[in-house]
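Undergrad: File run-v6.cif below, mmCIF, C-alpha atoms:
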```
data_entry
#
loop_
_atom_site.label_atom_id
_atom_site.label_comp_id
_atom_site.auth_asym_id
_atom_site.auth_seq_id
_atom_site.Cartn_x
_atom_site.Cartn_y
_atom_site.Cartn_z
CA MET A 1 -26.30 -8.78 138.93
CA LYS A 2 -29.70 -7.10 138.82
CA ASN A 3 -29.79 -3.35 139.27
CA ILE A 4 -31.20 -3.03 142.78
CA PHE A 5 -31.59 0.71 142.30
CA SER A 6 -33.93 0.47 139.31
CA PHE A 7 -37.03 0.23 141.48
CA PHE A 8 -37.00 3.83 142.64
CA LYS A 9 -36.03 7.22 141.29
CA ARG A 10 -33.20 8.90 143.16
CA LYS A 11 -33.62 12.47 144.30
CA TYR A 12 -29.92 13.14 143.93
CA LYS A 13 -27.28 12.74 141.23
CA ILE A 14 -24.06 10.74 141.42
CA GLY A 15 -20.98 11.35 139.28
CA VAL A 16 -17.81 9.38 138.64
CA ALA A 17 -14.36 10.76 137.81
CA PHE A 18 -11.62 8.66 136.20
CA GLY A 19 -8.07 9.84 136.87
CA GLY A 20 -4.94 9.88 134.71
CA GLY A 21 -2.00 7.49 134.83
CA GLY A 22 -1.02 6.43 131.33
CA ALA A 23 -1.10 2.67 130.75
CA LYS A 24 -1.93 2.20 134.42
CA GLY A 25 -5.42 3.33 133.44
CA MET A 26 -6.18 -0.29 132.54
CA VAL A 27 -7.22 -0.45 136.20
CA HIS A 28 -10.30 1.55 135.20
CA ILE A 29 -11.58 -1.39 133.15
CA GLY A 30 -11.79 -3.53 136.29
CA VAL A 31 -13.59 -0.77 138.15
CA ILE A 32 -16.10 -0.39 135.31
CA LYS A 33 -16.58 -4.17 135.41
CA ALA A 34 -17.57 -3.92 139.07
CA PHE A 35 -19.88 -0.97 138.41
CA GLN A 36 -21.68 -2.87 135.68
CA GLU A 37 -21.90 -6.14 137.60
CA PHE A 38 -23.48 -4.36 140.56
CA GLY A 39 -25.88 -2.44 138.31
CA LEU A 40 -24.64 1.03 139.27
CA ASN A 41 -25.89 3.86 137.08
CA PHE A 42 -23.96 7.12 137.30
CA ASP A 43 -25.48 10.41 136.19
CA TYR A 44 -22.29 12.14 135.05
CA VAL A 45 -18.84 11.02 133.92
CA ALA A 46 -15.57 12.98 133.88
CA GLY A 47 -12.07 11.92 132.97
CA THR A 48 -8.51 13.16 132.62
CA SER A 49 -5.90 11.73 130.22
CA VAL A 50 -6.33 7.93 130.07
CA GLY A 51 -9.31 8.50 132.35
CA SER A 52 -10.93 10.46 129.54
CA ILE A 53 -10.60 7.44 127.24
CA MET A 54 -12.11 5.10 129.83
CA GLY A 55 -14.69 7.66 130.87
CA ALA A 56 -15.80 8.15 127.26
CA ALA A 57 -16.05 4.38 126.80
CA TYR A 58 -18.17 4.08 129.94
CA ALA A 59 -20.34 7.06 128.96
CA SER A 60 -20.92 5.48 125.55
CA GLY A 61 -22.58 2.51 127.22
CA MET A 62 -19.86 0.08 126.15
CA LYS A 63 -19.60 -3.11 128.19
CA TRP A 64 -16.41 -3.70 130.13
CA GLU A 65 -15.66 -6.81 128.09
CA ASP A 66 -15.55 -4.74 124.90
CA ILE A 67 -13.32 -2.10 126.48
CA TYR A 68 -11.02 -4.92 127.58
CA LYS A 69 -10.86 -6.35 124.05
CA ILE A 70 -9.88 -2.96 122.65
CA ALA A 71 -7.16 -2.56 125.29
CA LYS A 72 -5.76 -6.05 124.64
CA SER A 73 -5.54 -5.39 120.90
CA MET A 74 -3.61 -2.14 121.28
CA LYS A 75 0.12 -1.69 120.96
CA THR A 76 2.25 1.17 122.26
CA SER A 77 3.26 1.92 118.67
CA ASP A 78 -0.42 2.46 117.81
CA ILE A 79 -0.49 5.39 120.22
CA LYS A 80 3.05 6.81 120.23
CA THR A 81 4.01 6.95 116.57
CA SER A 82 7.31 8.84 116.78
CA LYS A 83 10.34 6.57 117.10
CA VAL A 84 12.81 9.42 117.53
CA PHE A 85 13.82 10.21 121.12
CA PHE A 86 12.59 13.63 122.28
CA VAL A 87 10.45 14.06 119.14
CA PRO A 88 6.79 14.21 120.28
CA SER A 89 4.23 12.10 118.44
CA LYS A 90 1.07 13.46 116.90
CA THR A 91 -2.14 12.25 118.53
CA GLU A 92 -3.43 10.68 115.33
CA GLY A 93 -3.14 7.21 116.90
CA ILE A 94 -5.40 8.16 119.81
CA GLU A 95 -7.86 9.92 117.53
CA SER A 96 -8.00 6.96 115.13
CA MET A 97 -8.61 4.55 118.00
CA MET A 98 -11.46 6.71 119.30
CA ARG A 99 -13.11 7.12 115.90
CA GLU A 100 -12.76 3.44 115.05
CA ASN A 101 -14.47 2.34 118.27
CA PHE A 102 -16.93 5.16 118.95
CA GLY A 103 -17.43 6.82 115.59
CA ASP A 104 -16.62 10.38 114.53
CA ILE A 105 -19.10 11.80 117.02
CA ASN A 106 -19.45 14.76 119.33
CA ILE A 107 -19.39 14.40 123.11
CA GLU A 108 -23.09 15.34 123.23
CA GLU A 109 -23.94 12.13 121.37
CA LEU A 110 -22.71 9.83 124.15
CA LYS A 111 -25.35 8.02 126.21
CA LYS A 112 -24.26 9.67 129.45
CA PRO A 113 -23.18 13.30 130.02
CA PHE A 114 -19.40 13.42 129.85
CA SER A 115 -16.55 15.90 130.23
CA ALA A 116 -12.90 15.49 129.23
CA VAL A 117 -10.42 17.61 131.19
CA ALA A 118 -7.49 19.22 129.40
CA VAL A 119 -5.28 22.31 129.70
CA ASP A 120 -5.08 25.15 127.18
CA ILE A 121 -1.40 26.03 126.98
CA LYS A 122 -2.21 29.40 125.42
CA SER A 123 -4.04 30.66 128.51
CA THR A 124 -2.71 28.01 130.98
CA LYS A 125 -6.35 27.48 131.98
CA GLU A 126 -7.93 24.14 132.78
CA LEU A 127 -10.60 23.20 130.24
CA CYS A 128 -13.71 21.20 130.96
CA ILE A 129 -14.76 19.98 127.51
CA SER A 130 -18.40 18.87 127.36
CA HIS A 131 -19.12 19.67 123.71
CA GLY A 132 -17.42 19.10 120.39
CA ASN A 133 -15.56 16.30 118.68
CA LEU A 134 -14.99 13.39 121.08
CA ALA A 135 -11.80 12.07 119.48
CA LYS A 136 -10.12 15.50 119.48
CA ALA A 137 -11.17 16.27 123.06
CA VAL A 138 -9.89 12.95 124.38
CA ALA A 139 -6.65 13.23 122.40
CA GLY A 140 -6.08 16.68 123.90
CA SER A 141 -6.77 15.40 127.39
CA CYS A 142 -4.14 12.67 126.83
CA CYS A 143 -1.51 14.98 125.31
CA VAL A 144 1.43 14.62 127.72
CA PRO A 145 3.94 17.43 127.01
CA GLY A 146 7.09 16.12 125.38
CA ILE A 147 5.39 12.84 124.45
CA PHE A 148 2.67 14.24 122.18
CA GLN A 149 2.23 17.42 120.18
CA PRO A 150 -0.49 19.77 121.47
CA VAL A 151 -3.93 19.34 119.92
CA GLU A 152 -5.78 22.17 118.22
CA PHE A 153 -9.37 22.36 119.45
CA GLY A 154 -11.10 25.45 118.13
CA ASP A 155 -9.23 28.44 119.53
CA TYR A 156 -7.49 26.31 122.14
CA LEU A 157 -4.25 24.35 122.14
CA LEU A 158 -4.72 21.31 124.35
CA CYS A 159 -2.32 19.44 126.61
CA ASP A 160 -2.79 16.75 129.24
CA GLY A 161 -5.44 17.58 131.83
CA GLY A 162 -3.24 16.13 134.55
CA LEU A 163 -1.20 19.34 134.51
CA GLN A 164 -4.07 20.98 136.37
CA ASN A 165 -6.55 18.31 137.47
CA ASN A 166 -5.39 14.69 137.43
CA ILE A 167 -8.45 13.26 139.21
CA PRO A 168 -11.33 15.55 138.19
CA ALA A 169 -13.72 14.78 141.05
CA ASN A 170 -14.87 18.41 141.18
CA ILE A 171 -16.17 18.43 137.60
CA PRO A 172 -19.38 16.38 138.07
CA ARG A 173 -20.41 18.77 140.85
CA PHE A 174 -20.54 21.64 138.36
CA PHE A 175 -23.22 19.59 136.60
CA ASP A 176 -25.40 19.23 139.71
CA CYS A 177 -24.04 15.97 141.10
CA ASP A 178 -24.58 15.61 144.85
CA PHE A 179 -22.04 12.82 145.28
CA VAL A 180 -18.87 11.97 143.36
CA ILE A 181 -16.87 8.75 143.34
CA ALA A 182 -13.29 9.14 142.10
CA VAL A 183 -11.12 6.41 140.59
CA ASP A 184 -7.36 6.74 141.09
CA CYS A 185 -5.46 4.23 138.97
CA ASN A 186 -2.05 5.18 140.38
CA SER A 187 -2.21 5.88 144.11
CA THR A 188 1.56 5.33 144.53
CA ARG A 189 2.53 7.77 141.79
CA THR A 190 5.16 9.66 143.81
CA TYR A 191 8.58 8.31 144.63
CA GLY A 192 11.93 10.05 144.70
CA THR A 193 15.26 9.53 142.99
CA GLU A 194 18.87 9.56 144.13
CA SER A 195 20.04 10.31 140.60
CA SER A 196 21.06 13.80 139.49
CA LYS A 197 20.68 12.93 135.80
CA THR A 198 18.45 15.37 133.94
CA LEU A 199 15.88 12.81 132.79
CA ASP A 200 15.61 11.21 136.23
CA VAL A 201 15.15 14.57 137.92
CA LEU A 202 12.57 15.64 135.32
CA ALA A 203 10.62 12.39 135.76
CA CYS A 204 10.63 12.84 139.52
CA ALA A 205 9.46 16.44 139.18
CA ILE A 206 6.53 15.31 137.02
CA ARG A 207 5.58 12.69 139.62
CA ILE A 208 5.58 15.37 142.32
CA LEU A 209 3.38 17.59 140.14
CA MET A 210 0.94 14.75 139.51
CA LYS A 211 0.70 14.01 143.23
CA SER A 212 -0.16 17.62 144.00
CA ASN A 213 -2.85 17.71 141.35
CA SER A 214 -4.23 14.34 142.43
CA ILE A 215 -4.71 15.42 146.05
CA LYS A 216 -7.42 17.82 144.85
CA GLY A 217 -9.31 14.83 143.50
CA TYR A 218 -9.31 13.12 146.88
CA MET A 219 -10.46 16.34 148.54
CA ASN A 220 -13.38 16.81 146.17
CA ALA A 221 -14.54 13.18 146.06
CA ASP A 222 -16.94 11.64 148.54
CA LEU A 223 -15.22 8.31 148.01
CA THR A 224 -12.07 7.30 146.12
CA ILE A 225 -11.31 3.86 144.69
CA ALA A 226 -7.51 3.85 144.77
CA SER A 227 -5.21 1.23 143.24
CA ASP A 228 -1.51 0.62 143.90
CA THR A 229 0.09 0.17 140.46
CA LYS A 230 3.70 0.97 141.30
CA LYS A 231 4.91 -2.32 139.79
CA PHE A 232 3.58 -1.35 136.35
CA LYS A 233 4.88 1.24 133.90
CA SER A 234 2.70 4.11 132.72
CA THR A 235 4.36 3.88 129.28
CA LYS A 236 4.02 0.12 128.70
CA LEU A 237 0.88 -1.83 127.82
CA GLU A 238 1.97 -4.81 129.89
CA GLY A 239 0.16 -6.50 132.75
CA ILE A 240 -3.32 -5.53 131.54
CA ASP A 241 -5.03 -8.60 132.99
CA GLU A 242 -3.49 -8.05 136.41
CA MET A 243 -4.38 -4.36 136.41
CA VAL A 244 -7.99 -5.12 135.45
CA ASP A 245 -8.15 -7.60 138.32
CA ILE A 246 -6.67 -5.05 140.77
CA GLY A 247 -9.24 -2.44 139.80
CA TYR A 248 -12.09 -4.93 140.03
CA ARG A 249 -11.09 -6.23 143.46
CA ASN A 250 -10.57 -2.73 144.86
CA ALA A 251 -13.98 -1.60 143.60
CA VAL A 252 -15.71 -4.71 144.97
CA ASP A 253 -13.97 -4.25 148.33
CA MET A 254 -15.41 -0.73 148.52
CA MET A 255 -18.84 -1.71 147.27
CA PRO A 256 -20.51 -1.56 150.73
CA GLU A 257 -19.53 2.12 150.98
CA ILE A 258 -20.45 2.75 147.34
CA MET A 259 -23.86 1.20 147.95
CA LYS A 260 -24.40 3.61 150.84
CA ILE A 261 -23.96 6.49 148.41
CA PHE A 262 -26.46 5.01 145.96
CA ALA A 263 -28.89 4.36 148.80
CA GLY A 264 -28.58 7.95 150.01
CA LYS A 265 -27.09 6.92 153.34
CA TYR A 266 -23.62 8.40 152.92
CA PRO A 267 -22.70 11.72 154.60
CA LYS A 268 -22.06 14.57 152.20
CA LYS A 269 -18.76 16.37 152.37
CA LYS A 270 -18.70 20.04 153.24
CA ASN A 271 -16.43 22.92 152.24
CA LYS A 272 -15.19 21.32 149.04
CA ASP A 273 -12.65 23.30 147.03
CA PHE A 274 -14.28 23.34 143.59
CA GLY A 275 -12.06 26.03 141.99
CA LYS A 276 -14.68 26.92 139.38
CA ASP A 277 -13.21 30.36 138.66
CA ASP A 278 -10.01 28.74 137.34
CA ILE A 279 -11.76 26.54 134.77
CA LEU A 280 -12.96 27.27 131.25
CA PHE A 281 -16.13 25.36 130.32
CA ILE A 282 -16.55 24.62 126.63
#
```
Could I get this structure in the form of structure tokens?

TA:
Amino acid sequence: MKNIFSFFKRKYKIGVAFGGGGAKGMVHIGVIKAFQEFGLNFDYVAGTSVGSIMGAAYASGMKWEDIYKIAKSMKTSDIKTSKVFFVPSKTEGIESMMRENFGDINIEELKKPFSAVAVDIKSTKELCISHGNLAKAVAGSCCVPGIFQPVEFGDYLLCDGGLQNNIPANIPRFFDCDFVIAVDCNSTRTYGTESSKTLDVLACAIRILMKSNSIKGYMNADLTIASDTKKFKSTKLEGIDEMVDIGYRNAVDMMPEIMKIFAGKYPKKKNKDFGKDDILFI
């Protein structure tokens, strides 16, 4: 589809934020497919956890078909290398995948401005990483505690950005974006448990934490493309085709509203909670 917005220069900037959700992030591929088919051109890209992988791919200018091919060729063992229960994996698998497909580059070398969101466990601060090695930054953003070992990034020790900001819709605004569209690949992330077993309770507690951090994304976004992926597992690379289709259909369904944003006819939100003082920008 021809880019209908290429005939005039916008007076405002539009950002997109891709949220976390493990393997459920395959939904993002379908959303990117819709963006590219409708010729949408975002000015800033942010991502947390798997959203940082997809966000980096989108910011690199990669076509959705190529992102899909990479996803289809991956195996869980390529990412999580430890086979011992309760022994966290190193993030070498994630880093290798990033370098193989995007090169050993810095974030500044991407075609679009991009930020990966992580947490520094030394200071407990949220990190907005807009400079430095792309593979390391993305690996740190994806570093789920207990699943992966923390990633050294300069003076920081990185863990999953979802601990603080699972849908980083506020980040593009710090880089002068007037509107932000968020992409939530796991809108049904919270459900309870009747089990008192330690692992079941811990898993439920993490889901509650992720819901709390995700609400901030909805609050700070002008529009959120949300997908119900409850039937899929965040730890299994199964159902990719269906998840891509879900993301695509949800994005297309919301395209009339998205087009209003790109046409400058969408009302801006007021009194957004940006929380800038709680973030370290590097």

Undergrad: Could you state which residues are captured by the PyMOL selection byres ((chain A and resi 159) around 8) in this file, as a count of residues only?

TA: 17

Undergrad: Residue by residue, what does the PyMOL selection byres ((chain A and resi 24) around 10) grab here? Present the result as a list of chain:residue names.

TA: A:Gly20, A:Gly21, A:Gly22, A:Ala23, A:Gly25, A:Met26, A:Val27, A:His28, A:Val50, A:Gly51, A:Asp184, A:Cys185, A:Asn186, A:Ser227, A:Asp228, A:Thr229, A:Lys230, A:Lys231, A:Phe232, A:Lys233, A:Ser234, A:Thr235, A:Lys236, A:Leu237, A:Glu238, A:Gly239, A:Ile240, A:Met243, A:Val244

Undergrad: May I have the selected residues written with C-alpha atoms, as a PDB file, in the frame of the given file?

TA:
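For reference, result-v8.pdb as written:
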```pdb
ATOM      1  CA  GLY A  20      -4.940   9.880 134.710  1.00  0.00           C
ATOM      2  CA  GLY A  21      -2.000   7.490 134.830  1.00  0.00           C
ATOM      3  CA  GLY A  22      -1.020   6.430 131.330  1.00  0.00           C
ATOM      4  CA  ALA A  23      -1.100   2.670 130.750  1.00  0.00           C
ATOM      5  CA  GLY A  25      -5.420   3.330 133.440  1.00  0.00           C
ATOM      6  CA  MET A  26      -6.180  -0.290 132.540  1.00  0.00           C
ATOM      7  CA  VAL A  27      -7.220  -0.450 136.200  1.00  0.00           C
ATOM      8  CA  HIS A  28     -10.300   1.550 135.200  1.00  0.00           C
ATOM      9  CA  VAL A  50      -6.330   7.930 130.070  1.00  0.00           C
ATOM     10  CA  GLY A  51      -9.310   8.500 132.350  1.00  0.00           C
ATOM     11  CA  ASP A 184      -7.360   6.740 141.090  1.00  0.00           C
ATOM     12  CA  CYS A 185      -5.460   4.230 138.970  1.00  0.00           C
ATOM     13  CA  ASN A 186      -2.050   5.180 140.380  1.00  0.00           C
ATOM     14  CA  SER A 227      -5.210   1.230 143.240  1.00  0.00           C
ATOM     15  CA  ASP A 228      -1.510   0.620 143.900  1.00  0.00           C
ATOM     16  CA  THR A 229       0.090   0.170 140.460  1.00  0.00           C
ATOM     17  CA  LYS A 230       3.700   0.970 141.300  1.00  0.00           C
ATOM     18  CA  LYS A 231       4.910  -2.320 139.790  1.00  0.00           C
ATOM     19  CA  PHE A 232       3.580  -1.350 136.350  1.00  0.00           C
ATOM     20  CA  LYS A 233       4.880   1.240 133.900  1.00  0.00           C
ATOM     21  CA  SER A 234       2.700   4.110 132.720  1.00  0.00           C
ATOM     22  CA  THR A 235       4.360   3.880 129.280  1.00  0.00           C
ATOM     23  CA  LYS A 236       4.020   0.120 128.700  1.00  0.00           C
ATOM     24  CA  LEU A 237       0.880  -1.830 127.820  1.00  0.00           C
ATOM     25  CA  GLU A 238       1.970  -4.810 129.890  1.00  0.00           C
ATOM     26  CA  GLY A 239       0.160  -6.500 132.750  1.00  0.00           C
ATOM     27  CA  ILE A 240      -3.320  -5.530 131.540  1.00  0.00           C
ATOM     28  CA  MET A 243      -4.380  -4.360 136.410  1.00  0.00           C
ATOM     29  CA  VAL A 244      -7.990  -5.120 135.450  1.00  0.00           C
TER      30      VAL A 244
END
```

Undergrad: Find the spatial neighbours of stretch 109-111 of chain A, counting all atoms listed in the file, within a cut-off of 12 Å - ignore same-chain residues fewer than 3 positions away - and output them as a PDB file with C-alpha atoms, keeping the file's coordinate frame.

TA:
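So the final result, stored in out25.pdb, reads:
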```
ATOM      1  CA  ASN A  41     -25.890   3.860 137.080  1.00  0.00           C
ATOM      2  CA  PHE A  42     -23.960   7.120 137.300  1.00  0.00           C
ATOM      3  CA  ASP A  43     -25.480  10.410 136.190  1.00  0.00           C
ATOM      4  CA  TYR A  44     -22.290  12.140 135.050  1.00  0.00           C
ATOM      5  CA  VAL A  45     -18.840  11.020 133.920  1.00  0.00           C
ATOM      6  CA  GLY A  55     -14.690   7.660 130.870  1.00  0.00           C
ATOM      7  CA  ALA A  56     -15.800   8.150 127.260  1.00  0.00           C
ATOM      8  CA  ALA A  57     -16.050   4.380 126.800  1.00  0.00           C
ATOM      9  CA  TYR A  58     -18.170   4.080 129.940  1.00  0.00           C
ATOM     10  CA  ALA A  59     -20.340   7.060 128.960  1.00  0.00           C
ATOM     11  CA  SER A  60     -20.920   5.480 125.550  1.00  0.00           C
ATOM     12  CA  GLY A  61     -22.580   2.510 127.220  1.00  0.00           C
ATOM     13  CA  MET A  62     -19.860   0.080 126.150  1.00  0.00           C
ATOM     14  CA  PHE A 102     -16.930   5.160 118.950  1.00  0.00           C
ATOM     15  CA  GLY A 103     -17.430   6.820 115.590  1.00  0.00           C
ATOM     16  CA  ASP A 104     -16.620  10.380 114.530  1.00  0.00           C
ATOM     17  CA  ILE A 105     -19.100  11.800 117.020  1.00  0.00           C
ATOM     18  CA  ASN A 106     -19.450  14.760 119.330  1.00  0.00           C
ATOM     19  CA  PHE A 114     -19.400  13.420 129.850  1.00  0.00           C
ATOM     20  CA  SER A 115     -16.550  15.900 130.230  1.00  0.00           C
ATOM     21  CA  SER A 130     -18.400  18.870 127.360  1.00  0.00           C
ATOM     22  CA  HIS A 131     -19.120  19.670 123.710  1.00  0.00           C
ATOM     23  CA  GLY A 132     -17.420  19.100 120.390  1.00  0.00           C
ATOM     24  CA  ASN A 133     -15.560  16.300 118.680  1.00  0.00           C
ATOM     25  CA  LEU A 134     -14.990  13.390 121.080  1.00  0.00           C
TER      26      LEU A 134
END
```

Undergrad: Selected by the PyMOL selection byres ((chain A and resi 220) around 7) in the shown coordinates: which residues, as a PyMOL selection string?

TA: chain A and resi 169-170+216-219+221-222+272-273

Undergrad: Tell me, in Å to one decimal, how far atom CA of A:Ile129 is from atom CA of A:Asp278.

TA: 14.0 Å

Undergrad: Using only C-alpha atoms, which of A:Pro256, A:Gly154, A:Gly47, A:Gly275 sits nearest A:Gly19?

TA: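 Counting only C-alpha atoms, the residue closest to A:Gly19 is A:Gly47.
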
Undergrad: Please determine, counting only C-alpha atoms, which residue among A:Ala251, A:Ile246, A:Met97, A:Ala46 has the shortest atom-to-atom distance to A:Lys136.

TA: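 Of all the options, A:Met97 lies closest to A:Lys136.
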
Undergrad: So which one's closest to A:Tyr12, A:Lys72, A:Lys80, A:Lys265, A:Lys197? Using all atoms listed in the file, please.

TA: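 Of A:Lys72, A:Lys80, A:Lys265, A:Lys197, the one nearest A:Tyr12 is A:Lys265, counting all atoms listed in the file.
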
Undergrad: State, in Å with one decimal place, the distance from atom CA of A:Ala116 to atom CA of A:Ile171.

TA: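 Between atom CA of A:Ala116 and atom CA of A:Ile171 the gap works out to 9.5 Å.
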
Undergrad: What does the structure give for the distance between atom CA of A:Ala139 and atom CA of A:Phe153, in Å to one decimal?

TA: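 If I compute the distance from atom CA of A:Ala139 to atom CA of A:Phe153, I get 10.0 Å.
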
Undergrad: When you count only C-alpha atoms, which of these residues is closest to A:Lys11: A:Tyr191, A:Trp64, A:Phe179, A:Tyr248?

TA: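 Residue with the minimum atom-to-atom distance to A:Lys11: A:Phe179.
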
Undergrad: Using all atoms listed in the file, find the one residue out of A:Ile279, A:Met74, A:Leu209, A:Ile94 that sits nearest to A:Phe174.

TA: A:Ile279

Undergrad: Would you be able to write out as a PDB file with C-alpha atoms, in the frame of the given file which residues have an atom within 7 Å of (-27.2, 10.1, 144.3) in the file's coordinates, counting only C-alpha atoms?

TA:
```
ATOM      1  CA  ARG A  10     -33.200   8.900 143.160  1.00  0.00           C
ATOM      2  CA  LYS A  11     -33.620  12.470 144.300  1.00  0.00           C
ATOM      3  CA  TYR A  12     -29.920  13.140 143.930  1.00  0.00           C
ATOM      4  CA  LYS A  13     -27.280  12.740 141.230  1.00  0.00           C
ATOM      5  CA  ILE A  14     -24.060  10.740 141.420  1.00  0.00           C
ATOM      6  CA  ASP A 178     -24.580  15.610 144.850  1.00  0.00           C
ATOM      7  CA  PHE A 179     -22.040  12.820 145.280  1.00  0.00           C
ATOM      8  CA  ILE A 261     -23.960   6.490 148.410  1.00  0.00           C
ATOM      9  CA  PHE A 262     -26.460   5.010 145.960  1.00  0.00           C
ATOM     10  CA  GLY A 264     -28.580   7.950 150.010  1.00  0.00           C
TER      11      GLY A 264
END
```

Undergrad: Rank A:Leu280, A:Ile53, A:Ala34, A:Ala17 by their smallest atom-to-atom distance to A:Glu65, using all atoms listed in the file, and report the top residue only.

TA: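 Under the stated criterion, the closest residue is A:Ala34.
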
Undergrad: Tell me which residues come within 12 Å of (-20.8, -0.1, 148.8), as a ChimeraX atom specification, counting only C-alpha atoms in the file's coordinates.

TA: /A:34-35,38-40,181,223-225,250-266

Undergrad: Write only N, CA and C atoms for stretch 91-108 of chain A from the block just shown, as a JSON list (two decimals), in the first residue's frame.

TA:
```
[["chain", "number", "residue", "atom", "x", "y", "z"],
["A", 91, "THR", "N", 23.00, -14.78, 28.43],
["A", 91, "THR", "CA", 22.23, -14.19, 27.32],
["A", 91, "THR", "C", 22.99, -14.27, 26.00],
["A", 92, "GLU", "N", 23.97, -15.17, 25.94],
["A", 92, "GLU", "CA", 24.77, -15.29, 24.72],
["A", 92, "GLU", "C", 23.91, -15.64, 23.51],
["A", 93, "GLY", "N", 22.85, -16.44, 23.73],
["A", 93, "GLY", "CA", 21.98, -16.81, 22.62],
["A", 93, "GLY", "C", 21.28, -15.60, 22.02],
["A", 94, "ILE", "N", 20.77, -14.73, 22.89],
["A", 94, "ILE", "CA", 20.09, -13.52, 22.43],
["A", 94, "ILE", "C", 21.09, -12.61, 21.71],
["A", 95, "GLU", "N", 22.25, -12.45, 22.32],
["A", 95, "GLU", "CA", 23.27, -11.57, 21.73],
["A", 95, "GLU", "C", 23.73, -12.09, 20.37],
["A", 96, "SER", "N", 23.92, -13.40, 20.26],
["A", 96, "SER", "CA", 24.35, -13.98, 18.99],
["A", 96, "SER", "C", 23.29, -13.78, 17.91],
["A", 97, "MET", "N", 22.02, -13.97, 18.29],
["A", 97, "MET", "CA", 20.94, -13.77, 17.34],
["A", 97, "MET", "C", 20.90, -12.33, 16.84],
["A", 98, "MET", "N", 21.10, -11.38, 17.75],
["A", 98, "MET", "CA", 21.08, -9.97, 17.37],
["A", 98, "MET", "C", 22.25, -9.63, 16.45],
["A", 99, "ARG", "N", 23.43, -10.11, 16.80],
["A", 99, "ARG", "CA", 24.61, -9.79, 15.98],
["A", 99, "ARG", "C", 24.54, -10.45, 14.61],
["A", 100, "GLU", "N", 24.01, -11.66, 14.58],
["A", 100, "GLU", "CA", 23.92, -12.39, 13.31],
["A", 100, "GLU", "C", 22.98, -11.68, 12.34],
["A", 101, "ASN", "N", 21.91, -11.09, 12.86],
["A", 101, "ASN", "CA", 20.89, -10.50, 11.99],
["A", 101, "ASN", "C", 21.01, -8.99, 11.80],
["A", 102, "PHE", "N", 21.68, -8.32, 12.74],
["A", 102, "PHE", "CA", 21.77, -6.86, 12.64],
["A", 102, "PHE", "C", 23.21, -6.35, 12.64],
["A", 103, "GLY", "N", 24.16, -7.24, 12.87],
["A", 103, "GLY", "CA", 25.55, -6.84, 12.94],
["A", 103, "GLY", "C", 25.93, -6.42, 14.35],
["A", 104, "ASP", "N", 27.23, -6.32, 14.59],
["A", 104, "ASP", "CA", 27.72, -5.89, 15.91],
["A", 104, "ASP", "C", 27.76, -4.37, 15.91],
["A", 105, "ILE", "N", 26.57, -3.77, 16.00],
["A", 105, "ILE", "CA", 26.44, -2.32, 15.85],
["A", 105, "ILE", "C", 25.98, -1.66, 17.14],
["A", 106, "ASN", "N", 26.08, -0.36, 17.16],
["A", 106, "ASN", "CA", 25.53, 0.43, 18.26],
["A", 106, "ASN", "C", 24.11, 0.87, 17.91],
["A", 107, "ILE", "N", 23.33, 1.17, 18.92],
["A", 107, "ILE", "CA", 21.95, 1.60, 18.73],
["A", 107, "ILE", "C", 21.88, 2.81, 17.81],
["A", 108, "GLU", "N", 22.85, 3.71, 17.90],
["A", 108, "GLU", "CA", 22.85, 4.93, 17.09],
["A", 108, "GLU", "C", 22.92, 4.64, 15.60]]
```
